[in-house]
$ cat my_file35.tsv   # TSV, C-alpha atoms
chain	number	residue	atom	x	y	z
A	1	PRO	CA	-7.03	-14.22	-24.59
A	2	THR	CA	-6.09	-10.62	-25.17
A	3	ILE	CA	-8.62	-7.78	-25.30
A	4	ASP	CA	-8.80	-6.79	-28.95
A	5	ALA	CA	-12.37	-5.62	-29.63
A	6	VAL	CA	-13.02	-1.86	-29.51
A	7	GLY	CA	-16.28	-0.55	-28.11
A	8	ARG	CA	-18.53	2.32	-29.18
A	9	TRP	CA	-16.90	5.15	-27.31
A	10	SER	CA	-16.36	8.43	-29.12
A	11	THR	CA	-12.99	9.14	-30.70
A	12	PRO	CA	-10.71	10.19	-27.81
A	13	VAL	CA	-10.04	13.88	-27.33
A	14	LYS	CA	-6.47	14.62	-26.21
A	15	LEU	CA	-6.51	17.36	-23.59
A	16	THR	CA	-2.75	17.82	-23.24
A	17	THR	CA	0.22	18.75	-25.38
A	18	SER	CA	3.98	18.36	-25.21
A	19	PRO	CA	6.21	19.04	-23.47
A	20	GLY	CA	4.15	19.10	-20.25
A	21	GLY	CA	1.71	16.29	-20.89
A	22	GLY	CA	-0.73	15.36	-18.14
A	23	TYR	CA	-1.14	13.01	-15.18
A	24	ARG	CA	-3.67	11.84	-12.57
A	25	PRO	CA	-6.81	13.19	-14.31
A	26	GLN	CA	-10.22	13.45	-12.67
A	27	ILE	CA	-13.62	14.28	-14.14
A	28	ALA	CA	-17.01	15.21	-12.69
A	29	ALA	CA	-20.32	16.43	-14.12
A	30	GLY	CA	-22.05	19.46	-12.65
A	31	PRO	CA	-25.82	19.80	-12.15
A	32	ALA	CA	-26.28	21.80	-15.37
A	33	GLY	CA	-24.36	19.22	-17.42
A	34	MET	CA	-21.01	21.01	-17.42
A	35	LEU	CA	-18.05	18.64	-17.30
A	36	HIS	CA	-15.05	19.59	-15.17
A	37	ALA	CA	-11.69	17.92	-15.88
A	38	LEU	CA	-8.52	18.20	-13.80
A	39	TYR	CA	-4.98	16.95	-14.29
A	40	TYR	CA	-1.49	18.10	-13.48
A	41	GLU	CA	1.06	19.18	-16.08
A	42	ARG	CA	4.84	18.92	-15.72
A	43	THR	CA	6.43	22.36	-16.19
A	44	ASP	CA	9.77	24.00	-15.40
A	45	ASP	CA	8.12	25.54	-12.32
A	46	GLY	CA	6.72	22.24	-11.06
A	47	ASP	CA	3.79	19.87	-11.49
A	48	LEU	CA	0.86	22.29	-11.84
A	49	ILE	CA	-2.88	21.59	-11.88
A	50	ARG	CA	-5.01	22.46	-14.92
A	51	HIS	CA	-8.81	22.79	-15.14
A	52	ARG	CA	-10.87	22.51	-18.33
A	53	THR	CA	-14.65	22.45	-18.89
A	54	SER	CA	-16.97	21.15	-21.60
A	55	MET	CA	-20.69	20.83	-22.22
A	56	ASP	CA	-20.46	17.89	-24.62
A	57	GLY	CA	-17.14	16.13	-23.90
A	58	GLN	CA	-15.84	17.13	-27.34
A	59	ILE	CA	-15.10	20.85	-27.20
A	60	TRP	CA	-13.12	21.94	-24.15
A	61	THR	CA	-12.10	25.31	-22.79
A	62	SER	CA	-8.43	26.23	-22.64
A	63	PRO	CA	-6.54	25.02	-19.54
A	64	VAL	CA	-6.78	27.25	-16.46
A	65	HIS	CA	-4.33	27.05	-13.57
A	66	LEU	CA	-5.40	26.33	-10.00
A	67	GLY	CA	-3.51	25.65	-6.80
A	68	HIS	CA	0.12	26.57	-6.11
A	69	HIS	CA	2.45	27.88	-8.81
A	70	THR	CA	5.57	25.89	-7.86
A	71	ASN	CA	6.69	22.43	-6.73
A	72	ARG	CA	4.49	19.33	-6.92
A	73	ASN	CA	0.71	19.74	-6.96
A	74	TRP	CA	-0.38	16.12	-6.99
A	75	GLY	CA	-3.44	13.92	-6.75
A	76	PRO	CA	-6.21	16.47	-7.35
A	77	ASP	CA	-9.73	15.33	-6.49
A	78	LEU	CA	-12.94	17.24	-7.12
A	79	VAL	CA	-16.61	17.30	-6.28
A	80	THR	CA	-19.28	19.34	-8.09
A	81	GLN	CA	-22.00	20.87	-5.90
A	82	GLY	CA	-25.63	21.65	-6.50
A	83	ASP	CA	-24.99	25.38	-6.88
A	84	GLY	CA	-22.51	24.78	-9.71
A	85	SER	CA	-19.41	25.33	-7.58
A	86	VAL	CA	-16.52	22.86	-7.61
A	87	VAL	CA	-14.42	21.91	-4.58
A	88	VAL	CA	-10.90	20.59	-5.21
A	89	VAL	CA	-8.35	19.13	-2.82
A	90	TYR	CA	-4.74	18.34	-3.69
A	91	ASP	CA	-1.36	17.61	-2.11
A	92	HIS	CA	1.37	20.25	-2.35
A	93	ALA	CA	4.82	18.67	-1.93
A	94	LEU	CA	8.16	20.42	-1.38
A	95	PRO	CA	11.48	19.14	-2.78
A	96	ASP	CA	12.31	17.43	0.55
A	97	PHE	CA	8.98	15.49	0.37
A	98	GLN	CA	7.24	17.50	3.06
A	99	SER	CA	3.66	17.92	1.88
A	100	ARG	CA	0.31	19.32	2.95
A	101	GLY	CA	-3.27	19.03	1.81
A	102	PHE	CA	-4.98	22.10	0.35
A	103	LEU	CA	-8.47	23.07	-0.79
A	104	THR	CA	-9.65	25.54	-3.43
A	105	VAL	CA	-13.18	26.34	-4.66
A	106	TYR	CA	-14.42	27.30	-8.14
A	107	ARG	CA	-17.28	29.82	-8.19
A	108	GLN	CA	-18.49	31.94	-11.09
A	109	GLY	CA	-15.47	31.11	-13.20
A	110	GLU	CA	-12.81	31.86	-10.57
A	111	TRP	CA	-10.67	29.68	-8.30
A	112	SER	CA	-10.20	30.76	-4.68
A	113	GLU	CA	-6.83	31.06	-2.99
A	114	PRO	CA	-5.79	27.63	-1.64
A	115	VAL	CA	-6.49	26.96	2.05
A	116	ALA	CA	-4.39	24.44	4.01
A	117	LEU	CA	-6.26	21.42	5.38
A	118	THR	CA	-3.29	19.82	7.15
A	119	PRO	CA	-0.69	21.42	9.49
A	120	ASP	CA	2.77	22.63	8.57
A	121	ASP	CA	4.41	20.00	10.78
A	122	GLY	CA	7.09	18.66	8.44
A	123	GLY	CA	5.11	15.52	7.61
A	124	GLU	CA	3.95	13.91	4.40
A	125	VAL	CA	0.37	13.53	3.15
A	126	GLY	CA	-1.22	11.91	0.12
A	127	SER	CA	-4.32	10.38	-1.43
A	128	GLY	CA	-6.54	13.33	-0.53
A	129	HIS	CA	-10.21	13.04	-1.54
A	130	ILE	CA	-13.28	15.19	-0.96
A	131	ALA	CA	-17.07	14.65	-0.93
A	132	ASP	CA	-20.04	16.82	-0.05
A	133	GLY	CA	-22.75	15.67	2.33
A	134	ILE	CA	-25.99	17.37	3.38
A	135	ASN	CA	-26.47	20.97	4.50
A	136	GLY	CA	-23.17	22.12	3.04
A	137	GLU	CA	-20.95	19.66	4.90
A	138	LEU	CA	-17.75	18.28	3.38
A	139	ALA	CA	-15.62	15.27	4.27
A	140	TYR	CA	-11.89	15.27	3.51
A	141	VAL	CA	-9.97	11.97	3.74
A	142	PHE	CA	-6.24	11.42	3.27
A	143	ILE	CA	-3.19	9.49	4.45
A	144	GLY	CA	-0.32	11.02	6.38
A	145	LYS	CA	2.88	10.24	8.28
A	146	ARG	CA	6.02	11.83	9.68
A	147	LEU	CA	9.11	11.99	7.44
A	148	ASP	CA	10.59	9.12	9.39
A	149	PRO	CA	11.31	5.71	7.83
A	150	SER	CA	10.00	4.02	10.97
A	151	ASP	CA	6.64	5.81	10.82
A	152	ARG	CA	3.64	4.42	8.94
A	153	PHE	CA	0.91	6.09	6.93
A	154	GLN	CA	-2.41	6.47	8.72
A	155	ALA	CA	-5.79	7.15	7.14
A	156	HIS	CA	-7.30	10.38	8.47
A	157	PHE	CA	-10.40	12.51	8.00
A	158	ARG	CA	-11.83	15.98	8.67
A	159	TRP	CA	-15.43	17.20	8.57
A	160	TYR	CA	-16.55	20.64	7.45
A	161	GLN	CA	-19.84	21.60	9.15
A	162	ASN	CA	-21.63	24.86	9.82
A	163	GLY	CA	-18.88	26.81	8.05
A	164	THR	CA	-16.01	25.38	10.13
A	165	TRP	CA	-13.45	22.62	9.69
A	166	GLY	CA	-13.29	20.18	12.59
A	167	PRO	CA	-10.13	18.49	13.91
A	168	ILE	CA	-8.11	15.89	12.02
A	169	GLN	CA	-9.12	12.45	13.26
A	170	ASP	CA	-7.98	8.90	12.53
A	171	PHE	CA	-9.49	5.98	10.64
A	172	THR	CA	-6.44	3.76	11.33
A	173	ASP	CA	-4.01	3.44	14.26
A	174	GLY	CA	-0.67	3.34	12.42
A	175	THR	CA	0.29	-0.22	13.32
A	176	GLU	CA	0.24	-0.94	9.57
A	177	ASP	CA	0.48	1.40	6.58
A	178	ALA	CA	-2.78	2.72	5.16
A	179	TRP	CA	-3.14	3.56	1.44
A	180	HIS	CA	-5.51	4.88	-1.20
A	181	THR	CA	-8.26	6.67	0.68
A	182	ASN	CA	-11.44	7.59	-1.18
A	183	VAL	CA	-14.82	9.14	-0.32
A	184	GLU	CA	-17.97	9.80	-2.38
A	185	ARG	CA	-21.53	10.95	-1.83
A	186	ARG	CA	-24.56	8.71	-2.17
A	187	PRO	CA	-27.80	10.02	-3.71
A	188	ASP	CA	-29.32	10.47	-0.22
A	189	GLY	CA	-26.44	12.71	0.92
A	190	SER	CA	-24.70	10.13	3.09
A	191	LEU	CA	-21.08	9.22	2.31
A	192	LEU	CA	-19.04	6.09	1.76
A	193	ALA	CA	-15.29	6.17	2.40
A	194	GLY	CA	-12.63	3.50	1.95
A	195	TRP	CA	-8.94	2.69	2.19
A	196	ASP	CA	-6.62	-0.32	2.23
A	197	VAL	CA	-4.15	-1.46	4.88
A	198	GLY	CA	-0.98	-3.56	4.64
A	199	THR	CA	2.49	-3.62	3.14
A	200	GLY	CA	2.86	-1.43	0.06
A	201	GLY	CA	3.06	-3.46	-3.15
A	202	ALA	CA	1.73	-6.59	-1.43
A	203	GLU	CA	-1.80	-7.89	-0.85
A	204	THR	CA	-3.66	-5.29	1.21
A	205	ARG	CA	-7.00	-5.43	3.03
A	206	LEU	CA	-9.88	-3.21	2.01
A	207	PHE	CA	-12.07	-1.26	4.47
A	208	VAL	CA	-15.17	0.92	4.06
A	209	VAL	CA	-17.17	3.17	6.41
A	210	GLU	CA	-20.44	5.10	6.11
A	211	GLY	CA	-20.58	8.78	7.01
A	212	ARG	CA	-23.55	10.91	8.11
A	213	ARG	CA	-23.70	14.29	9.84
A	214	GLY	CA	-20.11	14.35	10.97
A	215	GLN	CA	-19.96	10.74	12.16
A	216	TRP	CA	-18.50	7.55	10.71
A	217	THR	CA	-19.61	3.98	11.35
A	218	THR	CA	-17.21	1.27	12.50
A	219	PRO	CA	-14.89	0.27	9.61
A	220	GLU	CA	-15.90	-2.89	7.78
A	221	ASN	CA	-13.19	-5.24	6.46
A	222	ILE	CA	-14.42	-6.03	2.95
A	223	SER	CA	-11.54	-8.40	2.27
A	224	ALA	CA	-12.50	-10.61	5.22
A	225	SER	CA	-15.58	-11.74	3.29
A	226	SER	CA	-14.21	-11.21	-0.22
A	227	LYS	CA	-10.75	-10.62	-1.72
A	228	PRO	CA	-7.66	-8.55	-0.89
A	229	GLY	CA	-7.04	-5.43	-2.91
A	230	GLU	CA	-6.55	-1.69	-3.18
A	231	ARG	CA	-7.79	1.62	-4.64
A	232	VAL	CA	-11.50	1.15	-3.94
A	233	HIS	CA	-13.93	3.21	-6.03
A	234	PHE	CA	-17.68	3.58	-5.67
A	235	ALA	CA	-20.90	3.99	-7.62
A	236	PHE	CA	-24.38	4.37	-6.13
A	237	GLY	CA	-27.66	3.30	-7.68
A	238	LYS	CA	-31.06	4.97	-7.27
A	239	ASP	CA	-32.21	1.67	-5.77
A	240	GLY	CA	-29.99	2.22	-2.71
A	241	LEU	CA	-27.30	-0.30	-3.68
A	242	ASP	CA	-23.61	0.55	-3.33
A	243	HIS	CA	-21.16	-0.77	-5.94
A	244	LEU	CA	-17.48	-1.24	-5.06
A	245	THR	CA	-14.59	-1.95	-7.40
A	246	TRP	CA	-10.92	-2.56	-6.65
A	247	PHE	CA	-7.91	-4.45	-7.97
A	248	HIS	CA	-5.79	-7.19	-6.44
A	249	LYS	CA	-2.05	-7.71	-6.71
A	250	VAL	CA	-0.63	-11.22	-6.46
A	251	ALA	CA	3.13	-11.40	-5.83
A	252	GLY	CA	3.23	-7.67	-6.52
A	253	ARG	CA	1.50	-7.96	-9.90
A	254	PRO	CA	-2.00	-6.54	-10.54
A	255	VAL	CA	-4.05	-9.36	-12.04
A	256	HIS	CA	-7.65	-9.17	-10.76
A	257	ILE	CA	-10.45	-6.58	-11.07
A	258	TYR	CA	-13.33	-7.13	-8.62
A	259	VAL	CA	-16.83	-5.69	-8.23
A	260	ARG	CA	-19.16	-6.18	-5.28
A	261	SER	CA	-22.63	-4.74	-4.70
A	262	GLY	CA	-24.88	-4.37	-1.69
A	263	ARG	CA	-24.78	-2.29	1.46
A	264	PRO	CA	-22.35	-2.25	4.40
A	265	GLY	CA	-22.83	-5.47	6.34
A	266	ASP	CA	-24.94	-6.99	3.55
A	267	TRP	CA	-22.80	-7.46	0.44
A	268	GLY	CA	-23.50	-9.74	-2.47
A	269	PRO	CA	-21.03	-12.04	-4.24
A	270	THR	CA	-17.74	-10.75	-5.63
A	271	THR	CA	-17.53	-10.78	-9.42
A	272	GLU	CA	-14.38	-10.56	-11.55
A	273	PRO	CA	-14.98	-8.94	-14.97
A	274	SER	CA	-11.28	-9.34	-15.87
A	275	GLN	CA	-11.30	-13.11	-15.31
A	276	GLY	CA	-9.87	-15.16	-18.15
A	277	TYR	CA	-8.02	-12.32	-19.85
A	278	GLY	CA	-4.24	-12.33	-19.75
A	279	GLY	CA	-1.93	-9.56	-18.68
A	280	PHE	CA	-2.10	-7.04	-15.89
A	281	HIS	CA	-5.38	-5.42	-14.77
A	282	PHE	CA	-5.34	-2.33	-12.57
A	283	ASP	CA	-6.85	1.04	-11.53
A	284	PRO	CA	-10.60	0.39	-11.96
A	285	ASP	CA	-13.34	2.99	-11.63
A	286	ILE	CA	-17.09	2.53	-11.90
A	287	ALA	CA	-20.19	4.63	-12.64
A	288	ILE	CA	-23.93	3.96	-12.86
A	289	ASN	CA	-26.64	5.94	-14.68
A	290	ASN	CA	-30.26	6.50	-13.71
A	291	ASN	CA	-31.32	3.44	-15.72
A	292	GLY	CA	-29.15	1.20	-13.54
A	293	VAL	CA	-26.52	0.55	-16.24
A	294	ARG	CA	-23.05	0.18	-14.76
A	295	VAL	CA	-19.85	0.87	-16.68
A	296	LEU	CA	-16.52	-0.34	-15.32
A	297	VAL	CA	-13.22	0.95	-16.75
A	298	TRP	CA	-9.67	-0.18	-15.96
A	299	GLY	CA	-6.14	-0.33	-17.28
A	300	TRP	CA	-4.95	-3.44	-19.12
A	301	ASP	CA	-1.39	-4.32	-20.11
A	302	SER	CA	-0.61	-7.60	-21.90
A	303	GLY	CA	3.09	-6.83	-22.18
A	304	GLU	CA	2.78	-6.25	-25.92
A	305	GLN	CA	-0.39	-4.15	-25.90
A	306	ALA	CA	-1.79	-1.81	-23.27
A	307	GLU	CA	-5.08	0.12	-23.45
A	308	LEU	CA	-7.95	1.35	-21.34
A	309	VAL	CA	-10.74	-1.24	-21.35
A	310	TYR	CA	-14.31	-1.44	-20.07
A	311	SER	CA	-17.23	-3.74	-19.32
A	312	ILE	CA	-20.97	-3.06	-19.01
A	313	SER	CA	-23.53	-4.58	-16.64
A	314	ARG	CA	-27.29	-4.18	-16.94
A	315	GLY	CA	-27.92	-6.59	-14.09
A	316	GLN	CA	-25.78	-9.28	-12.50
A	317	ASN	CA	-23.46	-10.15	-15.39
A	318	TRP	CA	-20.66	-8.20	-17.08
A	319	THR	CA	-20.01	-8.06	-20.81
A	320	PRO	CA	-16.64	-9.30	-22.10
A	321	PRO	CA	-14.16	-6.43	-21.85
A	322	ARG	CA	-13.53	-4.21	-24.86
A	323	ARG	CA	-11.14	-1.35	-25.47
A	324	VAL	CA	-12.31	2.19	-24.91
A	325	ALA	CA	-9.83	3.18	-27.61
A	326	THR	CA	-6.64	2.03	-29.31
A	327	ILE	CA	-4.08	4.71	-28.50
A	328	GLY	CA	-1.35	2.32	-29.61
A	329	SER	CA	1.47	3.49	-27.37
A	330	GLY	CA	2.33	3.61	-23.70
A	331	LYS	CA	0.39	2.29	-20.74
A	332	PRO	CA	-3.01	3.56	-19.52
A	333	GLY	CA	-3.54	4.57	-15.93
A	334	LEU	CA	-5.77	6.08	-13.29
A	335	PRO	CA	-9.04	6.50	-15.22
A	336	SER	CA	-11.89	8.54	-13.78
A	337	ILE	CA	-15.47	8.05	-14.99
A	338	THR	CA	-18.64	10.08	-14.47
A	339	VAL	CA	-22.21	10.27	-15.78
A	340	ASP	CA	-23.69	13.51	-17.11
A	341	SER	CA	-27.28	14.74	-16.78
A	342	SER	CA	-28.32	12.94	-20.00
A	343	GLY	CA	-27.02	9.57	-18.82
A	344	ARG	CA	-23.86	9.52	-20.95
A	345	PHE	CA	-20.68	8.09	-19.48
A	346	ILE	CA	-17.52	10.18	-19.77
A	347	VAL	CA	-14.08	8.77	-18.97
A	348	ILE	CA	-10.72	10.49	-18.61
A	349	TRP	CA	-7.34	8.80	-18.27
A	350	ASN	CA	-3.62	9.29	-18.77
A	351	GLN	CA	-1.54	7.13	-21.09
A	352	GLY	CA	2.13	7.07	-21.94
A	353	VAL	CA	5.53	5.90	-20.79
A	354	ARG	CA	7.29	6.56	-17.51
A	355	GLY	CA	8.13	10.25	-17.43
A	356	TYR	CA	5.65	11.38	-20.09
A	357	ASN	CA	1.89	10.88	-20.35
A	358	GLU	CA	-0.96	12.52	-22.20
A	359	VAL	CA	-4.56	12.89	-20.96
A	360	TYR	CA	-7.48	11.62	-23.05
A	361	THR	CA	-11.25	11.71	-22.65
A	362	SER	CA	-14.07	9.85	-24.40
A	363	THR	CA	-17.86	9.46	-24.08
A	364	LEU	CA	-20.24	6.51	-24.32
A	365	GLU	CA	-23.99	6.50	-24.81
A	366	VAL	CA	-25.64	3.32	-23.57
A	367	GLN	CA	-29.19	2.42	-24.55

$ encode --input "my_file35.tsv" --output "structure tokens"
Amino acid sequence: PTIDAVGRWSTPVKLTTSPGGGYRPQIAAGPAGMLHALYYERTDDGDLIRHRTSMDGQIWTSPVHLGHHTNRNWGPDLVTQGDGSVVVVYDHALPDFQSRGFLTVYRQGEWSEPVALTPDDGGEVGSGHIADGINGELAYVFIGKRLDPSDRFQAHFRWYQNGTWGPIQDFTDGTEDAWHTNVERRPDGSLLAGWDVGTGGAETRLFVVEGRRGQWTTPENISASSKPGERVHFAFGKDGLDHLTWFHKVAGRPVHIYVRSGRPGDWGPTTEPSQGYGGFHFDPDIAINNNGVRVLVWGWDSGEQAELVYSISRGQNWTPPRRVATIGSGKPGLPSITVDSSGRFIVIWNQGVRGYNEVYTSTLEVQ
């Protein structure tokens, strides 16, 4: 069947306007309840990052620029810290595809000048993500390669400790391409990072590692005991359980959304909330509130209809998927979901056609 029912999310707020639109949005809630949204806008000067804030998910401040002022500023990721500051990493790409990772920090309403996290060596980077650990430490993960068709992307990381960035180190050895790094903080201050390895567009294998105090555990191959897939995202319960979600392409087509819960080395069964629903299923993200309610969002495209959809779990089972909204045009993509201090879920996503997307956000209160 198709996914026709619409859930109880608020009416979507469109954060972008023509002609620039918006792409690759991210959202995070600060400790005082302030929501921070990022996306990049296409302008005559380049693809430039915008930042907007809100206390309720309905009324948003005007867009503020951050990062570079020219060329492609792609893939922004953010983390909110306990002091109210926001740390953002992004990839800055030149016309010849050389690119570097940069970091900028938001404090007291101002963005700092970007600082390079990767060397000016003529290479290419992507998929940069950031998380904060304990005692002010940060972990930056990304993929990178030389601008050489024979070279392969490797997954890398850097730690920031005691006010200093350490060296770039490797998660993978470059024998196969690595893709889609991610890293997030658990409630106890430890980190979980992930990536996938294999041929781009084909079935890839998913790996995760735990991080504490500048050290990572041995990578665990999740797919060896579960399913292939890519773009892993995380949510962490107060009970100490980790929740993973990812999607799986078969013959190059995204058709499965998976969720698995547990801890590294001790995972439970793999569930498939998208099972039985036709069309393509892709780009999932997951969040959990303090009551243990999980909300999973992902993109769905039946060929005739395409919308952002979601499912809820209050235990082991997932509700049948419903639409977050009916935008009625274009294809949804790359949602990001967070939980605010009151337990509400807030999602942001882009939707449109190739070459032009808008960014939308919506909230859900779950009893």

$ residues_around --input "my_file35.tsv" --residues "A:Asn289" --least-positions-apart "5" --cutoff "7 Å" --atoms "all atoms listed in the file" --output "NGL selection string"
:A and (294 or 339 or 343)

$ closest_residue --input "my_file35.tsv" --among "A:Gly292, A:Pro149, A:Pro254, A:Pro264" --to "A:Val209" --atoms "all atoms listed in the file"
A:Pro264

$ atom_distance --input "my_file35.tsv" --atom1 "atom CA of A:Ile143" --atom2 "atom CA of A:Glu176"
12.1 Å

$ residues_near_point --input "my_file35.tsv" --point "(-19.2, 10.5, -1.9)" --cutoff "9 Å" --atoms "all atoms listed in the file" --output "list in words"
Val79, Ile130, Ala131, Asp132, Gly133, Ala139, Asn182, Val183, Glu184, Arg185, Arg186, Pro187, Gly189, Ser190, Leu191, Leu192, Ala193, Phe234 and Ala235 of chain A

$ residues_around --input "my_file35.tsv" --residues "stretch 105-110 of chain A" --least-positions-apart "3" --cutoff "12 Å" --atoms "all atoms listed in the file" --output "number ranges by chain"
A: 30, 36, 51-53, 61, 64-67, 77-90, 102, 113-115, 130

$ atom_distance --input "my_file35.tsv" --atom1 "atom CA of A:Gly201" --atom2 "atom CA of A:Asp283"
13.7 Å
